[in-house]
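First up is the structure itself, then whatever we jot down about it.
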Amino acid sequence: MIVREIASATPYNLERMAGALKTLEALNARIVDCDLCPRLRSHCTEVARVRRRAYMDWEYWGRPVPSFGDPEARVLALGLAPGAHGSNRTGRPFTGDGSGDFLYPVLHDAGFASQPKASSRQDGMKLHGLWITSVGRCAPPGNKPTPEELRNCASWLDQEMALLGNLRVVVCLGRIAFDGLLAHEHRAGPRIVRSSFPFGHGNEFTLPSGLRAITSYHPSLQNTNTGKLTKVMFLKIFMRARELAGLE
Ligand code: SF4
C-alpha cells in the first residue's frame with residue numbers, strides 16, 4: 001500500500017515509488033485507448049450499450065481494462081481477460097463478478113488486499129505487494145480471445161512487466177495466462193521448451209528470467225462452483241507466492 005509505505009520511506013524511495021506509479025499509470029492510460037482488436041472493441045462496446053438487466057443503472061466501462069495494484073509489487077497475478085459484466089462494467093480487474101468475489105477475499109486473507117469485497121473502482125480497495133493484470137485486456141465473446149488477439153495484447157504485458165522492477169513471482173490464473181507468461185519469457189529471452197512447463201494447480205517453476213511462476217486453476221465460477229478450486233486451495237497458492245517473494 002503506497003500510503004502505508006510512504007510513512008517509512010526514504011526520500012529516494014519516495015521518488016522511486018512516485019516514478020513507478022506515474023509510469024505504470026501512463027501505460028494504463030495508453031492501454032485504455034487501445035483499439036488493435038476490432039472484434040473485441042465492438043463486443044465490449046455493444047455489451048456496454050445493451051447491459052445486463054441487473055446493471056441497468058450502471059454506466060459500463062466498456063474499454064480495455066487497465067491493470068491495478070501496488071507499483072512496487074513483488075507478486076503479479078496474471079488472469080485471462082475481463083468478464084463482460086464484471087471488469088468490462090467496473091473498469092478494474094476481477095471487480096464485479098463471481099471470479100472477483102472468489103479472488104479478493106482470498107487476497108485479503110493472504111495479506112495482499114485491504115478489504116475482501118471488490119465492487120467498483122471507488123470501493124477503497126488497495127493492494128499491498130501485488131499487481132493484477134491479464135493476458136487480454138478486453139472482454140472476449142464467450143470468454144475466448146483468439147490467438148491473434150492475445151498476440152496483439154502481448155506487447156502491453158511486456159511493457160508492464162518491464163516496469164514492475166520489484167517483481168519476483170507470477171501467479172498464473174489458468175492455463176492461458178500461463179501460456180501468455182511463457183510466451184513473454186520466450187520473447188524476452190532464450191527459447192523455451194514448452195513441455196518442460198506443464199500446467200497444473202500448484203505447480204512451481206523457475207523461469208529463464210529468474211522469475212518464479214506458480215500455476216493455479218482460474219477462479220471462474222465453472223471451477224469454484226464445482227469445487228475444482230476451493231478457497232483453501234487458492235489461499236495456499238497466494239501464501240506460497242508471499243513466501244517465494246520474501247514477503248512477511
Ligand atoms: S485486447 Fe489488448 S490489444 Fe486488443 S484491443 Fe484490447 S487492449 Fe488492445
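Chain labels run A, B, ... following the order of the C-alpha cells; each chain numbers its residues from 1, and ligands are numbered from 1 in the order shown.
Neighbours of ligand 1 at a cut-off of 7 Å, computed so that only C-alpha atoms and all ligand atoms are counted, are the residues Ile31, Val32, Cys34, Asp35, Leu36, Cys37, Pro38, Leu40, Arg41, Pro64, Gly136, Arg137, Cys138, Glu149, Leu150, Asn152 and Cys153 of chain A.
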Find the nearest atom pair between each residue of segment 71-127 of chain A and segment 218-231 of chain A for residues within 8 Å, count only C-alpha atoms, give distances in Å to one decimal, sort rows by chain and ascending number, and present the table as JSON lines.
{"residue": "A:Gly79", "atom": "CA", "partner": "A:His218", "partner_atom": "CA", "distance": 7.6}
{"residue": "A:Gly98", "atom": "CA", "partner": "A:Leu221", "partner_atom": "CA", "distance": 6.2}
{"residue": "A:Ser99", "atom": "CA", "partner": "A:Ser220", "partner_atom": "CA", "distance": 5.0}
{"residue": "A:Gly100", "atom": "CA", "partner": "A:Pro219", "partner_atom": "CA", "distance": 7.8}
{"residue": "A:Phe102", "atom": "CA", "partner": "A:Pro219", "partner_atom": "CA", "distance": 6.6}
{"residue": "A:Leu103", "atom": "CA", "partner": "A:Pro219", "partner_atom": "CA", "distance": 6.7}
{"residue": "A:Val106", "atom": "CA", "partner": "A:Lys231", "partner_atom": "CA", "distance": 6.9}
(message) What parts of segment 35-110 of chain A does DSSP call helix (DSSP H, G or I)? I'd like the answer as number ranges by chain.
(response) A: 38-50, 53-55, 87-90, 98-109
Those residues with N, CA and C atoms, as an mmCIF file, in the first residue's frame please?
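So the final result, stored in part39.cif, reads:
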data_model
loop_
_atom_site.group_PDB
_atom_site.id
_atom_site.type_symbol
_atom_site.label_atom_id
_atom_site.label_comp_id
_atom_site.auth_asym_id
_atom_site.auth_seq_id
_atom_site.Cartn_x
_atom_site.Cartn_y
_atom_site.Cartn_z
ATOM 1 N N PRO A 38 -10.483 -5.227 -33.479
ATOM 2 C CA PRO A 38 -11.821 -4.711 -33.806
ATOM 3 C C PRO A 38 -12.951 -5.571 -33.251
ATOM 4 N N ARG A 39 -12.782 -6.904 -33.297
ATOM 5 C CA ARG A 39 -13.852 -7.788 -32.802
ATOM 6 C C ARG A 39 -14.095 -7.530 -31.314
ATOM 7 N N LEU A 40 -13.034 -7.416 -30.546
ATOM 8 C CA LEU A 40 -13.187 -7.225 -29.098
ATOM 9 C C LEU A 40 -13.704 -5.831 -28.762
ATOM 10 N N ARG A 41 -13.208 -4.845 -29.488
ATOM 11 C CA ARG A 41 -13.664 -3.498 -29.187
ATOM 12 C C ARG A 41 -15.162 -3.378 -29.477
ATOM 13 N N SER A 42 -15.588 -3.976 -30.569
ATOM 14 C CA SER A 42 -17.011 -3.843 -30.875
ATOM 15 C C SER A 42 -17.867 -4.670 -29.912
ATOM 16 N N HIS A 43 -17.351 -5.815 -29.461
ATOM 17 C CA HIS A 43 -18.094 -6.626 -28.478
ATOM 18 C C HIS A 43 -18.240 -5.866 -27.156
ATOM 19 N N CYS A 44 -17.141 -5.302 -26.662
ATOM 20 C CA CYS A 44 -17.193 -4.583 -25.371
ATOM 21 C C CYS A 44 -18.137 -3.382 -25.448
ATOM 22 N N THR A 45 -18.079 -2.691 -26.559
ATOM 23 C CA THR A 45 -18.937 -1.510 -26.720
ATOM 24 C C THR A 45 -20.413 -1.922 -26.747
ATOM 25 N N GLU A 46 -20.686 -3.021 -27.439
ATOM 26 C CA GLU A 46 -22.072 -3.478 -27.543
ATOM 27 C C GLU A 46 -22.600 -3.969 -26.183
ATOM 28 N N VAL A 47 -21.759 -4.714 -25.460
ATOM 29 C CA VAL A 47 -22.166 -5.172 -24.119
ATOM 30 C C VAL A 47 -22.443 -3.961 -23.222
ATOM 31 N N ALA A 48 -21.592 -2.951 -23.336
ATOM 32 C CA ALA A 48 -21.760 -1.747 -22.519
ATOM 33 C C ALA A 48 -23.021 -0.982 -22.905
ATOM 34 N N ARG A 49 -23.403 -1.070 -24.168
ATOM 35 C CA ARG A 49 -24.613 -0.364 -24.626
ATOM 36 C C ARG A 49 -25.872 -1.085 -24.152
ATOM 37 N N VAL A 50 -25.877 -2.422 -24.320
ATOM 38 C CA VAL A 50 -27.093 -3.198 -24.008
ATOM 39 C C VAL A 50 -27.244 -3.400 -22.499
ATOM 40 N N ARG A 53 -29.702 -6.781 -17.276
ATOM 41 C CA ARG A 53 -30.845 -6.204 -16.556
ATOM 42 C C ARG A 53 -30.463 -5.755 -15.133
ATOM 43 N N ALA A 54 -29.647 -6.565 -14.456
ATOM 44 C CA ALA A 54 -29.280 -6.244 -13.066
ATOM 45 C C ALA A 54 -28.413 -4.990 -12.960
ATOM 46 N N TYR A 55 -27.828 -4.575 -14.078
ATOM 47 C CA TYR A 55 -26.894 -3.438 -14.024
ATOM 48 C C TYR A 55 -27.350 -2.279 -14.904
ATOM 49 N N SER A 87 -15.382 -6.862 -15.078
ATOM 50 C CA SER A 87 -14.412 -5.780 -15.322
ATOM 51 C C SER A 87 -14.825 -4.870 -16.459
ATOM 52 N N ASN A 88 -15.472 -5.412 -17.463
ATOM 53 C CA ASN A 88 -15.918 -4.563 -18.581
ATOM 54 C C ASN A 88 -16.988 -3.564 -18.119
ATOM 55 N N ARG A 89 -17.615 -3.874 -16.998
ATOM 56 C CA ARG A 89 -18.599 -2.949 -16.415
ATOM 57 C C ARG A 89 -17.918 -1.980 -15.445
ATOM 58 N N THR A 90 -17.042 -2.525 -14.572
ATOM 59 C CA THR A 90 -16.499 -1.694 -13.485
ATOM 60 C C THR A 90 -15.179 -1.009 -13.845
ATOM 61 N N GLY A 98 -18.281 -12.993 -10.361
ATOM 62 C CA GLY A 98 -18.076 -14.153 -9.489
ATOM 63 C C GLY A 98 -16.608 -14.487 -9.287
ATOM 64 N N SER A 99 -15.800 -14.314 -10.307
ATOM 65 C CA SER A 99 -14.365 -14.607 -10.165
ATOM 66 C C SER A 99 -13.737 -13.687 -9.129
ATOM 67 N N GLY A 100 -14.092 -12.400 -9.216
ATOM 68 C CA GLY A 100 -13.561 -11.432 -8.253
ATOM 69 C C GLY A 100 -14.081 -11.674 -6.845
ATOM 70 N N ASP A 101 -15.361 -12.086 -6.747
ATOM 71 C CA ASP A 101 -15.937 -12.366 -5.428
ATOM 72 C C ASP A 101 -15.215 -13.534 -4.762
ATOM 73 N N PHE A 102 -14.602 -14.394 -5.574
ATOM 74 C CA PHE A 102 -13.816 -15.506 -5.033
ATOM 75 C C PHE A 102 -12.378 -15.071 -4.766
ATOM 76 N N LEU A 103 -11.830 -14.257 -5.661
ATOM 77 C CA LEU A 103 -10.415 -13.883 -5.573
ATOM 78 C C LEU A 103 -10.113 -12.921 -4.417
ATOM 79 N N TYR A 104 -10.869 -11.819 -4.331
ATOM 80 C CA TYR A 104 -10.458 -10.770 -3.388
ATOM 81 C C TYR A 104 -10.519 -11.194 -1.914
ATOM 82 N N PRO A 105 -11.500 -11.989 -1.470
ATOM 83 C CA PRO A 105 -11.441 -12.447 -0.076
ATOM 84 C C PRO A 105 -10.183 -13.258 0.214
ATOM 85 N N VAL A 106 -9.736 -14.037 -0.782
ATOM 86 C CA VAL A 106 -8.502 -14.804 -0.602
ATOM 87 C C VAL A 106 -7.294 -13.866 -0.551
ATOM 88 N N LEU A 107 -7.282 -12.857 -1.427
ATOM 89 C CA LEU A 107 -6.185 -11.883 -1.397
ATOM 90 C C LEU A 107 -6.164 -11.140 -0.059
ATOM 91 N N HIS A 108 -7.333 -10.871 0.475
ATOM 92 C CA HIS A 108 -7.410 -10.205 1.779
ATOM 93 C C HIS A 108 -6.861 -11.118 2.869
ATOM 94 N N ASP A 109 -7.263 -12.374 2.867
ATOM 95 C CA ASP A 109 -6.760 -13.329 3.866
ATOM 96 C C ASP A 109 -5.245 -13.512 3.742
#
(request) Using DSSP on the backbone, list every residue of segment 173-240 of chain A that comes out as strand (DSSP E), and give them as a count of residues only. (result) 9
(request) Have a look at atom CA of Pro140 of chain A and atom CA of Asp70 of chain A and let me know their distance in Å, one decimal. (result) 26.3 Å
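Contact shell of His128 of chain A at 10 Å (only C-alpha atoms; same-chain neighbours under 2 positions omitted): Met1, Ile2, Arg4, Glu5, Gly69, Asp70, Pro71, Glu72, Ala73, Arg74, Val75, Leu107, His108, Gly111, Phe112, Ala113, Ser114, Lys126, Leu130 and Trp131 of chain A.
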Using the selection just defined, write its residues with N, CA and C atoms as an mmCIF file, in the first residue's frame.
data_model
loop_
_atom_site.group_PDB
_atom_site.id
_atom_site.type_symbol
_atom_site.label_atom_id
_atom_site.label_comp_id
_atom_site.auth_asym_id
_atom_site.auth_seq_id
_atom_site.Cartn_x
_atom_site.Cartn_y
_atom_site.Cartn_z
ATOM 1 N N MET A 1 0.847 -1.190 0.000
ATOM 2 C CA MET A 1 0.000 0.000 0.000
ATOM 3 C C MET A 1 0.885 1.244 0.000
ATOM 4 N N ILE A 2 0.682 2.112 -0.953
ATOM 5 C CA ILE A 2 1.570 3.237 -1.107
ATOM 6 C C ILE A 2 1.550 4.113 0.143
ATOM 7 N N ARG A 4 0.831 3.535 3.253
ATOM 8 C CA ARG A 4 1.470 2.936 4.403
ATOM 9 C C ARG A 4 2.985 2.967 4.251
ATOM 10 N N GLU A 5 3.481 2.659 3.051
ATOM 11 C CA GLU A 5 4.917 2.590 2.839
ATOM 12 C C GLU A 5 5.552 3.973 2.863
ATOM 13 N N GLY A 69 -3.050 -2.157 -8.840
ATOM 14 C CA GLY A 69 -2.303 -2.675 -7.707
ATOM 15 C C GLY A 69 -1.207 -1.768 -7.210
ATOM 16 N N ASP A 70 -0.214 -2.408 -6.619
ATOM 17 C CA ASP A 70 0.905 -1.745 -5.969
ATOM 18 C C ASP A 70 2.062 -1.687 -6.962
ATOM 19 N N PRO A 71 2.496 -0.487 -7.353
ATOM 20 C CA PRO A 71 3.576 -0.395 -8.347
ATOM 21 C C PRO A 71 4.892 -0.979 -7.855
ATOM 22 N N GLU A 72 5.021 -1.185 -6.547
ATOM 23 C CA GLU A 72 6.239 -1.808 -6.002
ATOM 24 C C GLU A 72 6.053 -3.314 -5.811
ATOM 25 N N ALA A 73 5.057 -3.880 -6.454
ATOM 26 C CA ALA A 73 4.679 -5.282 -6.215
ATOM 27 C C ALA A 73 5.812 -6.258 -6.477
ATOM 28 N N ARG A 74 5.899 -7.259 -5.621
ATOM 29 C CA ARG A 74 6.802 -8.386 -5.872
ATOM 30 C C ARG A 74 6.052 -9.547 -6.507
ATOM 31 N N VAL A 75 4.729 -9.520 -6.393
ATOM 32 C CA VAL A 75 3.904 -10.616 -6.922
ATOM 33 C C VAL A 75 2.948 -10.067 -7.970
ATOM 34 N N LEU A 107 -7.282 -12.857 -1.427
ATOM 35 C CA LEU A 107 -6.185 -11.883 -1.397
ATOM 36 C C LEU A 107 -6.164 -11.140 -0.059
ATOM 37 N N HIS A 108 -7.333 -10.871 0.475
ATOM 38 C CA HIS A 108 -7.410 -10.205 1.779
ATOM 39 C C HIS A 108 -6.861 -11.118 2.869
ATOM 40 N N GLY A 111 -3.180 -11.245 2.870
ATOM 41 C CA GLY A 111 -2.472 -10.004 3.186
ATOM 42 C C GLY A 111 -2.152 -9.126 1.992
ATOM 43 N N PHE A 112 -2.724 -9.445 0.844
ATOM 44 C CA PHE A 112 -2.442 -8.634 -0.344
ATOM 45 C C PHE A 112 -3.478 -7.526 -0.561
ATOM 46 N N ALA A 113 -4.687 -7.709 -0.054
ATOM 47 C CA ALA A 113 -5.770 -6.751 -0.329
ATOM 48 C C ALA A 113 -6.265 -6.120 0.966
ATOM 49 N N SER A 114 -6.624 -4.851 0.889
ATOM 50 C CA SER A 114 -7.042 -4.117 2.085
ATOM 51 C C SER A 114 -8.438 -4.497 2.550
ATOM 52 N N LYS A 126 -7.207 -1.288 -1.785
ATOM 53 C CA LYS A 126 -5.772 -1.076 -2.034
ATOM 54 C C LYS A 126 -5.095 -2.437 -2.029
ATOM 55 N N LEU A 130 1.150 -6.537 -4.501
ATOM 56 C CA LEU A 130 0.547 -7.311 -5.593
ATOM 57 C C LEU A 130 0.080 -6.384 -6.711
ATOM 58 N N TRP A 131 0.271 -6.847 -7.935
ATOM 59 C CA TRP A 131 -0.231 -6.151 -9.115
ATOM 60 C C TRP A 131 -1.090 -7.151 -9.867
#
(request) Mind checking which residues fall within 7 Å of Met239 of chain A, counting only C-alpha atoms, ignoring those fewer than 4 positions away in the same chain, and posting them as a ChimeraX atom specification? (result) /A:110,235,243
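With only C-alpha atoms as the atoms that count, the minimum distance from Phe199 of chain A to the choices A:Ile176, A:Val169, A:Leu27, A:Leu211 is reached by A:Ile176.
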(message) Just want the 9 Å neighbourhood of Leu247 of chain A, counted on only C-alpha atoms, with same-chain residues fewer than 5 positions away dropped. Output as a PyMOL selection string.
(response) chain A and resi 74+129+241-242
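Of the residues under consideration (A:Leu182, A:Ala81, A:Ile132, A:Ala29), A:Ile132 shows the shortest atom-to-atom contact distance to Ser67 of chain A when counting only C-alpha atoms.
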(message) Would you pick out the contacts of Met161 of chain A at 10 Å or less, using only C-alpha atoms, so that residues sharing its chain but fewer than 3 positions from it are not included, and give the list as a PyMOL selection string?
(response) chain A and resi 24+76+133+155-158+164-167+184
